[in-house]
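Structure data follow from work08.cif (mmCIF, C-alpha atoms):
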data_structure
loop_
_atom_site.label_atom_id
_atom_site.label_comp_id
_atom_site.auth_asym_id
_atom_site.auth_seq_id
_atom_site.Cartn_x
_atom_site.Cartn_y
_atom_site.Cartn_z
CA MET A 1 7.24 4.01 -18.87
CA LEU A 2 3.48 3.94 -18.79
CA SER A 3 1.60 2.24 -21.60
CA ALA A 4 -1.32 4.04 -23.24
CA GLN A 5 -3.70 1.84 -21.28
CA GLU A 6 -1.93 2.68 -18.02
CA ARG A 7 -2.04 6.38 -18.82
CA ALA A 8 -5.77 6.06 -19.38
CA HIS A 9 -6.19 4.41 -15.97
CA VAL A 10 -4.08 7.14 -14.32
CA ALA A 11 -6.32 9.76 -15.94
CA GLN A 12 -9.38 7.86 -14.67
CA VAL A 13 -8.02 7.92 -11.13
CA TRP A 14 -7.24 11.61 -11.38
CA ASP A 15 -10.77 12.38 -12.59
CA LEU A 16 -12.04 11.00 -9.29
CA ILE A 17 -9.65 13.21 -7.30
CA ALA A 18 -9.69 16.48 -9.28
CA GLY A 19 -11.58 19.24 -7.53
CA HIS A 20 -11.03 17.61 -4.15
CA GLU A 21 -7.25 18.03 -3.89
CA ALA A 22 -7.38 19.67 -0.45
CA ALA A 23 -9.66 17.06 1.14
CA PHE A 24 -7.81 14.10 -0.35
CA GLY A 25 -4.45 15.69 0.39
CA ALA A 26 -5.37 16.30 4.02
CA GLU A 27 -6.55 12.73 4.49
CA LEU A 28 -3.43 11.42 2.76
CA LEU A 29 -1.20 13.31 5.19
CA LEU A 30 -3.32 12.32 8.18
CA ARG A 31 -3.07 8.64 7.23
CA LEU A 32 0.67 9.00 6.64
CA PHE A 33 1.27 10.59 10.05
CA THR A 34 -1.05 8.17 11.87
CA VAL A 35 0.25 4.97 10.28
CA TYR A 36 3.90 5.99 9.93
CA PRO A 37 4.61 8.54 12.69
CA SER A 38 8.30 8.82 11.76
CA THR A 39 7.25 10.66 8.58
CA LYS A 40 6.20 13.62 10.72
CA ILE A 41 9.84 14.63 11.06
CA TYR A 42 9.62 16.05 7.55
CA PHE A 43 6.70 18.27 8.49
CA LYS A 44 7.92 19.92 11.69
CA HIS A 45 6.73 23.25 10.31
CA LEU A 46 3.17 21.94 10.70
CA GLY A 47 3.70 21.55 14.46
CA VAL A 48 3.46 18.52 16.72
CA CYS A 49 -0.23 18.03 16.03
CA PRO A 50 -1.14 19.60 12.68
CA ASP A 51 -4.64 20.97 12.67
CA GLU A 52 -7.18 20.47 9.93
CA ALA A 53 -6.41 23.82 8.27
CA GLN A 54 -2.71 23.01 8.00
CA LEU A 55 -3.40 19.53 6.66
CA LEU A 56 -5.79 20.95 4.06
CA THR A 57 -3.30 23.59 2.93
CA HIS A 58 -0.34 21.30 2.72
CA GLY A 59 -2.37 18.40 1.42
CA GLN A 60 -3.66 20.54 -1.42
CA ARG A 61 -0.12 21.49 -2.37
CA VAL A 62 0.94 17.84 -2.52
CA LEU A 63 -2.08 16.75 -4.57
CA GLN A 64 -1.77 19.69 -6.94
CA ALA A 65 1.77 18.55 -7.66
CA VAL A 66 0.42 15.05 -8.33
CA GLY A 67 -2.05 16.67 -10.72
CA VAL A 68 0.82 18.32 -12.58
CA ALA A 69 2.50 14.94 -12.87
CA VAL A 70 -0.71 13.41 -14.25
CA GLN A 71 -0.77 16.03 -17.02
CA HIS A 72 2.83 15.27 -17.97
CA THR A 73 3.23 11.51 -17.68
CA ASP A 74 5.40 11.42 -20.80
CA HIS A 75 7.84 14.09 -19.60
CA LEU A 76 7.83 13.82 -15.83
CA ARG A 77 11.46 14.89 -15.41
CA ALA A 78 10.91 18.22 -17.09
CA ALA A 79 7.58 18.88 -15.41
CA LEU A 80 8.81 17.96 -11.92
CA SER A 81 12.33 19.41 -12.21
CA PRO A 82 11.77 22.28 -9.74
CA LEU A 83 10.22 19.86 -7.23
CA ALA A 84 13.09 17.43 -7.76
CA ASP A 85 15.54 20.27 -6.98
CA LEU A 86 13.56 21.13 -3.86
CA HIS A 87 13.60 17.54 -2.62
CA ALA A 88 17.31 17.12 -3.38
CA GLN A 89 18.57 20.39 -1.94
CA VAL A 90 16.13 21.37 0.76
CA LEU A 91 13.68 18.68 1.83
CA ARG A 92 15.91 15.62 1.43
CA VAL A 93 13.12 13.20 2.28
CA ASP A 94 14.68 9.76 2.55
CA PRO A 95 13.58 7.77 -0.51
CA ALA A 96 12.29 4.94 1.73
CA ASN A 97 9.37 7.17 2.71
CA PHE A 98 7.78 7.45 -0.72
CA PRO A 99 6.43 3.86 -0.72
CA LEU A 100 4.79 4.68 2.63
CA LEU A 101 3.02 7.68 1.11
CA ILE A 102 2.04 5.60 -1.92
CA GLN A 103 0.53 2.90 0.32
CA CYS A 104 -1.53 5.51 2.16
CA PHE A 105 -2.66 6.89 -1.20
CA HIS A 106 -3.96 3.48 -2.30
CA VAL A 107 -5.70 2.86 1.01
CA MET A 108 -7.33 6.29 0.88
CA LEU A 109 -8.56 5.79 -2.69
CA ALA A 110 -9.79 2.28 -1.88
CA SER A 111 -11.72 3.44 1.17
CA HIS A 112 -13.32 6.40 -0.64
CA LEU A 113 -13.91 4.95 -4.06
CA GLN A 114 -14.38 1.26 -3.20
CA GLY A 115 -15.61 -0.49 -6.35
CA GLU A 116 -14.70 2.47 -8.57
CA PHE A 117 -11.00 1.98 -7.76
CA THR A 118 -10.41 -1.17 -9.81
CA VAL A 119 -7.37 -3.41 -9.62
CA GLN A 120 -6.21 -2.15 -13.05
CA MET A 121 -6.44 1.42 -11.80
CA GLN A 122 -4.47 0.54 -8.67
CA ALA A 123 -1.76 -1.15 -10.74
CA ALA A 124 -1.38 1.86 -13.05
CA TRP A 125 -1.55 4.36 -10.19
CA ASP A 126 1.13 2.46 -8.24
CA LYS A 127 3.42 2.39 -11.27
CA PHE A 128 2.82 6.09 -11.92
CA LEU A 129 3.42 7.24 -8.32
CA THR A 130 6.53 5.05 -8.12
CA GLU A 131 7.85 6.83 -11.23
CA VAL A 132 7.04 10.22 -9.70
CA ALA A 133 8.92 9.24 -6.54
CA MET A 134 11.90 8.13 -8.63
CA VAL A 135 11.99 11.47 -10.46
CA LEU A 136 11.71 13.40 -7.18
CA THR A 137 14.68 11.58 -5.65
CA GLU A 138 16.81 11.26 -8.80
CA LYS A 139 18.96 14.33 -8.14
CA TYR A 140 19.79 13.29 -4.56
CA ARG A 141 23.31 12.26 -5.59
CA MET B 142 4.69 -6.30 26.50
CA SER B 143 1.79 -6.57 24.10
CA PHE B 144 2.32 -6.21 20.39
CA LEU B 145 -0.90 -4.22 20.04
CA SER B 146 -2.47 -1.91 22.57
CA ALA B 147 -5.88 -2.88 23.94
CA GLU B 148 -7.41 -0.24 21.71
CA GLU B 149 -5.61 -1.55 18.61
CA LYS B 150 -6.69 -5.12 19.42
CA GLY B 151 -10.26 -3.87 19.68
CA LEU B 152 -10.05 -2.17 16.29
CA VAL B 153 -8.47 -5.21 14.62
CA ASN B 154 -10.76 -7.85 16.11
CA GLY B 155 -13.80 -5.67 15.63
CA LEU B 156 -13.17 -5.39 11.90
CA TRP B 157 -11.78 -8.89 11.36
CA GLY B 158 -14.96 -10.43 12.71
CA LYS B 159 -16.78 -8.97 9.71
CA VAL B 160 -14.28 -10.13 7.10
CA ASN B 161 -15.13 -12.92 4.65
CA VAL B 162 -11.71 -14.50 4.99
CA ASP B 163 -12.12 -16.86 2.03
CA GLU B 164 -13.10 -14.11 -0.40
CA VAL B 165 -10.70 -11.46 0.84
CA GLY B 166 -7.83 -13.94 0.57
CA GLY B 167 -8.45 -14.57 -3.11
CA GLU B 168 -8.85 -10.88 -3.78
CA ALA B 169 -5.67 -9.92 -1.97
CA LEU B 170 -3.56 -12.55 -3.71
CA GLY B 171 -5.07 -11.61 -7.08
CA ARG B 172 -4.34 -7.96 -6.51
CA LEU B 173 -0.75 -8.77 -5.54
CA LEU B 174 -0.24 -10.63 -8.81
CA VAL B 175 -1.77 -7.80 -10.87
CA VAL B 176 -0.20 -4.78 -9.18
CA TYR B 177 3.23 -6.42 -8.68
CA PRO B 178 3.45 -8.83 -11.63
CA TRP B 179 6.91 -10.11 -10.73
CA THR B 180 5.26 -11.94 -7.83
CA GLN B 181 3.77 -14.28 -10.43
CA ARG B 182 7.15 -16.03 -10.41
CA PHE B 183 5.93 -18.18 -7.51
CA PHE B 184 2.77 -19.28 -9.26
CA GLN B 185 3.83 -20.57 -12.64
CA SER B 186 1.66 -23.66 -12.28
CA PHE B 187 -1.47 -21.62 -11.68
CA GLY B 188 -2.59 -21.47 -15.30
CA ASP B 189 -3.87 -18.29 -16.96
CA LEU B 190 -2.36 -15.19 -15.38
CA SER B 191 -2.24 -13.26 -18.64
CA SER B 192 -4.51 -10.35 -17.69
CA ALA B 193 -6.00 -8.69 -14.64
CA ASP B 194 -9.38 -10.31 -15.38
CA ALA B 195 -7.79 -13.74 -15.84
CA ILE B 196 -5.90 -13.41 -12.56
CA MET B 197 -8.87 -12.17 -10.51
CA SER B 198 -11.08 -15.00 -11.76
CA ASN B 199 -8.43 -17.73 -11.62
CA SER B 200 -9.69 -20.55 -9.38
CA LYS B 201 -6.19 -21.56 -8.23
CA VAL B 202 -5.47 -17.98 -7.19
CA LYS B 203 -8.72 -17.88 -5.22
CA ALA B 204 -8.04 -21.22 -3.57
CA HIS B 205 -4.51 -20.29 -2.62
CA GLY B 206 -5.56 -16.86 -1.41
CA LYS B 207 -8.14 -18.52 0.80
CA LYS B 208 -5.47 -20.83 2.26
CA VAL B 209 -3.06 -17.96 2.90
CA LEU B 210 -5.62 -15.78 4.57
CA ASN B 211 -6.95 -18.56 6.76
CA SER B 212 -3.37 -19.00 8.03
CA PHE B 213 -3.17 -15.27 8.62
CA SER B 214 -6.46 -15.38 10.48
CA ASP B 215 -5.24 -18.24 12.69
CA GLY B 216 -2.09 -16.26 13.40
CA LEU B 217 -4.20 -13.31 14.56
CA LYS B 218 -5.44 -15.46 17.43
CA ASN B 219 -1.84 -15.40 18.74
CA ILE B 220 -1.21 -11.74 18.16
CA ASP B 221 1.20 -11.49 21.09
CA ASP B 222 3.42 -14.29 19.81
CA LEU B 223 3.40 -13.99 16.04
CA LYS B 224 6.96 -15.35 15.75
CA GLY B 225 5.87 -18.52 17.56
CA ALA B 226 2.62 -18.78 15.61
CA PHE B 227 4.36 -18.52 12.22
CA ALA B 228 7.60 -20.37 13.01
CA LYS B 229 6.78 -23.48 10.97
CA LEU B 230 5.40 -21.46 8.06
CA SER B 231 8.52 -19.32 8.13
CA GLU B 232 10.72 -22.37 7.76
CA LEU B 233 8.52 -23.65 4.94
CA HIS B 234 8.69 -20.37 3.02
CA CYS B 235 12.47 -20.30 3.36
CA ASP B 236 13.46 -23.93 2.89
CA LYS B 237 10.84 -25.26 0.50
CA LEU B 238 9.09 -22.33 -1.17
CA HIS B 239 12.11 -19.97 -1.43
CA VAL B 240 9.98 -16.85 -1.17
CA ASP B 241 11.71 -13.48 -0.74
CA PRO B 242 10.29 -12.02 2.51
CA GLU B 243 9.71 -8.74 0.69
CA ASN B 244 6.67 -10.50 -0.77
CA PHE B 245 5.12 -10.80 2.70
CA ARG B 246 5.33 -7.04 3.08
CA LEU B 247 3.81 -6.49 -0.36
CA LEU B 248 0.94 -8.92 0.30
CA GLY B 249 0.33 -7.33 3.70
CA ASN B 250 0.02 -3.90 2.08
CA VAL B 251 -2.31 -5.23 -0.59
CA LEU B 252 -4.44 -6.91 2.09
CA VAL B 253 -4.78 -3.54 3.84
CA CYS B 254 -5.95 -2.01 0.53
CA VAL B 255 -8.55 -4.77 0.09
CA LEU B 256 -9.86 -4.18 3.61
CA ALA B 257 -10.10 -0.44 2.84
CA HIS B 258 -12.04 -1.35 -0.29
CA HIS B 259 -14.53 -3.43 1.62
CA PHE B 260 -14.98 -1.26 4.66
CA GLY B 261 -14.85 2.20 3.09
CA HIS B 262 -14.96 5.04 5.56
CA GLU B 263 -14.93 2.64 8.49
CA PHE B 264 -11.32 1.93 7.51
CA ASN B 265 -10.14 5.22 8.99
CA PRO B 266 -6.50 6.19 9.73
CA GLN B 267 -6.53 4.56 13.19
CA VAL B 268 -7.89 1.28 11.84
CA GLN B 269 -5.37 1.39 8.99
CA ALA B 270 -2.56 2.01 11.49
CA ALA B 271 -3.57 -0.99 13.59
CA PHE B 272 -3.77 -3.27 10.57
CA GLN B 273 -0.50 -2.04 9.07
CA LYS B 274 1.08 -2.93 12.41
CA VAL B 275 -0.45 -6.42 12.24
CA VAL B 276 0.63 -7.13 8.66
CA ALA B 277 4.13 -5.83 9.43
CA GLY B 278 4.25 -8.16 12.44
CA VAL B 279 3.11 -11.14 10.41
CA ALA B 280 5.61 -10.36 7.62
CA SER B 281 8.38 -10.09 10.17
CA ALA B 282 7.33 -13.37 11.85
CA LEU B 283 7.31 -15.14 8.48
CA ALA B 284 10.82 -13.90 7.77
CA HIS B 285 12.11 -14.70 11.23
CA ARG B 286 13.34 -18.27 10.59
CA TYR B 287 15.10 -17.49 7.33
CA HIS B 288 18.71 -18.54 7.26
#

Target encoding structure tokens, full file:
Amino acid sequence: MLSAQERAHVAQVWDLIAGHEAAFGAELLLRLFTVYPSTKIYFKHLGVCPDEAQLLTHGQRVLQAVGVAVQHTDHLRAALSPLADLHAQVLRVDPANFPLLIQCFHVMLASHLQGEFTVQMQAAWDKFLTEVAMVLTEKYR
Amino acid sequence: MSFLSAEEKGLVNGLWGKVNVDEVGGEALGRLLVVYPWTQRFFQSFGDLSSADAIMSNSKVKAHGKKVLNSFSDGLKNIDDLKGAFAKLSELHCDKLHVDPENFRLLGNVLVCVLAHHFGHEFNPQVQAAFQKVVAGVASALAHRYH
């Protein structure tokens, strides 16, 4: 459960990302695949060495979904239900991978936004993304 | 067999040479305590940890962060034998400090975030990968003597 203050910080973070979903999404995936190569097994459809266009397309999709979550922080389960079904029935991404993605998200935001990405924003964003991950894996069993 | 490739060692040492170890230590520890508040359990004698601002400006947090990161920095000099380099500290964290090794992984991740903060675009995916490998190695070395 996010407090009002935390929701405000999440909105602040999203304001810095909105409009740049493709670019941020592509970098997020690139960091994920570079730092944690085992995560690539979930993206075989992007090929052995995904090119920039593929990363931008898929990255945008991921970040747009994050944007949906940001708009619905007080009813994440309802808002993310179709995605939760997808992850449970089709994608079946092992839950251990979500913290890896979250780490790459923080590092990406820190490197791009530097001083603008405050410790309070990181704390709220971490809590929020962890909740999103929980919702996405909740229907696994 | 080397823990890091020659290229990874280059990336790590190249960046580490520019790091203000004292400052980054305090920042990383502070961030750990703010983002993962349950880690405050180990620092109950540190005084005011009641808010993010209080934590980030707490002099005991800064001092301890400095100590931790200087140890980390010393360990980096023995990158090919991290288990040996951190053996005594591992025993200390198990026997005296009773720290769950998960905390080493959390602090390592936070340290990587702080480096990204400081170095901006220079902290590209390859540099991140090399440092994540290092912090994972240090965390593992610190957990190695637990029994």

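Minimum distance to chain B across A:Glu6, A:Asp51, A:Asp94, A:Asp126 (counting all atoms listed in the file) occurs at A:Asp126.
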
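Coordinates place atom CA of A:Gln120 at a distance of 6.7 Å from atom CA of B:Ala193.
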
Contacts of A:Ala18 at 9 Å (all atoms listed in the file; same-chain gap of 6+ positions) as a count of residues only:
3

Write out as a Markdown table the residues of chain B that have any atom within 9 Å of an atom of chain A, one row each with the nearest atom pair and its distance in Å to one decimal, counting only C-alpha atoms, sorted by chain and then rising number.
| residue | atom | partner | partner_atom | distance |
| --- | --- | --- | --- | --- |
| B:Gly171 | CA | A:Val119 | CA | 8.9 |
| B:Arg172 | CA | A:Val119 | CA | 6.3 |
| B:Val175 | CA | A:Ala123 | CA | 6.7 |
| B:Val176 | CA | A:Ala123 | CA | 4.2 |
| B:Tyr177 | CA | A:Ala123 | CA | 7.5 |
| B:Ala193 | CA | A:Gln120 | CA | 6.7 |
| B:Met197 | CA | A:Val119 | CA | 8.9 |
| B:Asn250 | CA | A:Gln103 | CA | 7.0 |
| B:Val251 | CA | A:Gln103 | CA | 8.7 |
| B:Val253 | CA | A:Val107 | CA | 7.1 |
| B:Cys254 | CA | A:Val107 | CA | 4.9 |
| B:Val255 | CA | A:Ala110 | CA | 7.4 |
| B:Leu256 | CA | A:Ser111 | CA | 8.2 |
| B:Ala257 | CA | A:Ser111 | CA | 4.5 |
| B:His258 | CA | A:Gln114 | CA | 4.6 |
| B:His259 | CA | A:Gln114 | CA | 6.7 |
| B:Phe260 | CA | A:Ser111 | CA | 6.7 |
| B:Gly261 | CA | A:Ser111 | CA | 3.9 |
| B:His262 | CA | A:Ser111 | CA | 5.7 |
| B:Glu263 | CA | A:Ser111 | CA | 8.0 |
| B:Phe264 | CA | A:Ser111 | CA | 6.5 |
| B:Asn265 | CA | A:Arg31 | CA | 8.0 |
| B:Pro266 | CA | A:Arg31 | CA | 4.9 |
| B:Gln267 | CA | A:Thr34 | CA | 6.7 |
| B:Gln269 | CA | A:Val35 | CA | 6.8 |
| B:Ala270 | CA | A:Val35 | CA | 4.3 |
| B:Ala271 | CA | A:Val35 | CA | 7.8 |
| B:Gln273 | CA | A:Val35 | CA | 7.2 |
| B:Lys274 | CA | A:Val35 | CA | 8.2 |

So, counting all atoms listed in the file, which residue among B:Lys203, B:Arg286, B:Arg246, B:Arg182 is closest to B:Lys229?
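Smallest distance to B:Lys229 is found for B:Arg286.
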
Which of A:His58, A:Ile102, A:Lys139, A:Phe43 sits closest to A:His87 [using all atoms listed in the file]:
A:Lys139

Between atom CA of B:Val268 and atom CA of B:Leu152, distance in Å (one decimal):
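Separation between atom CA of B:Val268 and atom CA of B:Leu152: 6.0 Å.
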
Could you write out as lines of an AutoDock Vina configuration file the box around stretch 99-106 of chain A (axis-aligned, all atoms listed in the file, 8 Å on each side), with centre and edge lengths in Å to one decimal?
center_x = 1.2
center_y = 5.3
center_z = 0.2
size_x = 26.4
size_y = 20.8
size_z = 20.9

Excluding B:Phe144 and any residue of its chain fewer than 6 positions from it, enumerate the residues within 10 Å of it, using all atoms listed in the file, and give them as a list in words.
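The filter keeps Lys150, Ile220, Asp221, Asp222, Leu223, Lys274, Val275 and Gly278 of chain B.
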
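Closest approach to A:Val13 from the set A:Ala88, A:Ala53, A:Val66, A:Leu83 is made by A:Val66, with distances taken over all atoms listed in the file.
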
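For B:Lys201, the non-local neighbours within 9 Å, defined as residues at least 2 positions apart in the same chain or in other chains and counting only C-alpha atoms, are Gly167, Phe187, Gly188, Ser198, Asn199, Lys203, Ala204, His205 and Gly206 of chain B.
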
Completion of stretch 227-238 of chain B up to all heavy atoms, as an mmCIF file, in the frame of the given file:
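File produced: part_24.cif:
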data_model
loop_
_atom_site.group_PDB
_atom_site.id
_atom_site.type_symbol
_atom_site.label_atom_id
_atom_site.label_comp_id
_atom_site.auth_asym_id
_atom_site.auth_seq_id
_atom_site.Cartn_x
_atom_site.Cartn_y
_atom_site.Cartn_z
ATOM 1 N N PHE B 227 3.994 -18.344 13.631
ATOM 2 C CA PHE B 227 4.360 -18.520 12.220
ATOM 3 C C PHE B 227 5.702 -19.199 12.029
ATOM 4 O O PHE B 227 6.230 -19.235 10.919
ATOM 5 C CB PHE B 227 4.330 -17.166 11.501
ATOM 6 C CG PHE B 227 2.935 -16.641 11.256
ATOM 7 C CD1 PHE B 227 2.406 -15.636 12.049
ATOM 8 C CD2 PHE B 227 2.155 -17.176 10.241
ATOM 9 C CE1 PHE B 227 1.108 -15.167 11.843
ATOM 10 C CE2 PHE B 227 0.855 -16.710 10.018
ATOM 11 C CZ PHE B 227 0.336 -15.709 10.817
ATOM 12 N N ALA B 228 6.268 -19.778 13.088
ATOM 13 C CA ALA B 228 7.600 -20.370 13.010
ATOM 14 C C ALA B 228 7.689 -21.452 11.927
ATOM 15 O O ALA B 228 8.581 -21.439 11.072
ATOM 16 C CB ALA B 228 8.016 -20.946 14.361
ATOM 17 N N LYS B 229 6.730 -22.383 11.953
ATOM 18 C CA LYS B 229 6.780 -23.480 10.970
ATOM 19 C C LYS B 229 6.589 -22.946 9.552
ATOM 20 O O LYS B 229 7.277 -23.351 8.615
ATOM 21 C CB LYS B 229 5.676 -24.506 11.267
ATOM 22 C CG LYS B 229 5.922 -25.336 12.506
ATOM 23 C CD LYS B 229 5.939 -26.834 12.205
ATOM 24 C CE LYS B 229 6.903 -27.634 13.072
ATOM 25 N NZ LYS B 229 6.788 -27.333 14.525
ATOM 26 N N LEU B 230 5.654 -22.026 9.390
ATOM 27 C CA LEU B 230 5.400 -21.460 8.060
ATOM 28 C C LEU B 230 6.618 -20.690 7.572
ATOM 29 O O LEU B 230 6.914 -20.671 6.376
ATOM 30 C CB LEU B 230 4.171 -20.547 8.094
ATOM 31 C CG LEU B 230 2.841 -21.241 7.857
ATOM 32 C CD1 LEU B 230 1.683 -20.261 8.003
ATOM 33 C CD2 LEU B 230 2.779 -21.889 6.476
ATOM 34 N N SER B 231 7.318 -20.057 8.501
ATOM 35 C CA SER B 231 8.520 -19.320 8.130
ATOM 36 C C SER B 231 9.572 -20.268 7.559
ATOM 37 O O SER B 231 10.156 -20.016 6.496
ATOM 38 C CB SER B 231 9.073 -18.578 9.352
ATOM 39 O OG SER B 231 10.247 -17.894 8.995
ATOM 40 N N GLU B 232 9.750 -21.382 8.246
ATOM 41 C CA GLU B 232 10.720 -22.370 7.760
ATOM 42 C C GLU B 232 10.315 -22.899 6.392
ATOM 43 O O GLU B 232 11.141 -23.047 5.490
ATOM 44 C CB GLU B 232 10.824 -23.534 8.756
ATOM 45 C CG GLU B 232 11.644 -23.157 9.986
ATOM 46 C CD GLU B 232 11.544 -24.169 11.111
ATOM 47 O OE1 GLU B 232 10.988 -25.264 10.891
ATOM 48 O OE2 GLU B 232 12.011 -23.852 12.216
ATOM 49 N N LEU B 233 9.034 -23.156 6.225
ATOM 50 C CA LEU B 233 8.520 -23.650 4.940
ATOM 51 C C LEU B 233 8.797 -22.665 3.815
ATOM 52 O O LEU B 233 9.276 -23.036 2.735
ATOM 53 C CB LEU B 233 7.008 -23.887 5.042
ATOM 54 C CG LEU B 233 6.324 -24.377 3.769
ATOM 55 C CD1 LEU B 233 6.607 -25.851 3.534
ATOM 56 C CD2 LEU B 233 4.823 -24.134 3.816
ATOM 57 N N HIS B 234 8.521 -21.384 4.060
ATOM 58 C CA HIS B 234 8.690 -20.370 3.020
ATOM 59 C C HIS B 234 10.156 -20.177 2.663
ATOM 60 O O HIS B 234 10.482 -19.840 1.523
ATOM 61 C CB HIS B 234 8.041 -19.044 3.426
ATOM 62 C CG HIS B 234 6.564 -19.033 3.235
ATOM 63 N ND1 HIS B 234 5.700 -19.654 4.114
ATOM 64 C CD2 HIS B 234 5.787 -18.522 2.250
ATOM 65 C CE1 HIS B 234 4.461 -19.513 3.684
ATOM 66 N NE2 HIS B 234 4.475 -18.829 2.554
ATOM 67 N N CYS B 235 11.037 -20.422 3.627
ATOM 68 C CA CYS B 235 12.470 -20.300 3.360
ATOM 69 C C CYS B 235 13.004 -21.557 2.673
ATOM 70 O O CYS B 235 13.576 -21.485 1.592
ATOM 71 C CB CYS B 235 13.224 -20.059 4.681
ATOM 72 S SG CYS B 235 15.021 -20.137 4.513
ATOM 73 N N ASP B 236 12.790 -22.700 3.330
ATOM 74 C CA ASP B 236 13.460 -23.930 2.890
ATOM 75 C C ASP B 236 12.829 -24.593 1.674
ATOM 76 O O ASP B 236 13.533 -25.178 0.867
ATOM 77 C CB ASP B 236 13.478 -24.952 4.039
ATOM 78 C CG ASP B 236 14.252 -24.429 5.250
ATOM 79 O OD1 ASP B 236 15.165 -23.605 5.048
ATOM 80 O OD2 ASP B 236 13.921 -24.823 6.390
ATOM 81 N N LYS B 237 11.491 -24.540 1.596
ATOM 82 C CA LYS B 237 10.840 -25.260 0.500
ATOM 83 C C LYS B 237 10.350 -24.316 -0.597
ATOM 84 O O LYS B 237 10.495 -24.573 -1.779
ATOM 85 C CB LYS B 237 9.644 -26.076 1.021
ATOM 86 C CG LYS B 237 10.032 -27.172 2.008
ATOM 87 C CD LYS B 237 10.106 -28.529 1.319
ATOM 88 C CE LYS B 237 11.025 -29.550 1.977
ATOM 89 N NZ LYS B 237 11.136 -29.524 3.444
ATOM 90 N N LEU B 238 9.728 -23.207 -0.186
ATOM 91 C CA LEU B 238 9.090 -22.330 -1.170
ATOM 92 C C LEU B 238 10.028 -21.262 -1.730
ATOM 93 O O LEU B 238 9.802 -20.730 -2.810
ATOM 94 C CB LEU B 238 7.840 -21.675 -0.556
ATOM 95 C CG LEU B 238 6.816 -22.664 0.013
ATOM 96 C CD1 LEU B 238 5.653 -21.925 0.671
ATOM 97 C CD2 LEU B 238 6.299 -23.605 -1.067
#
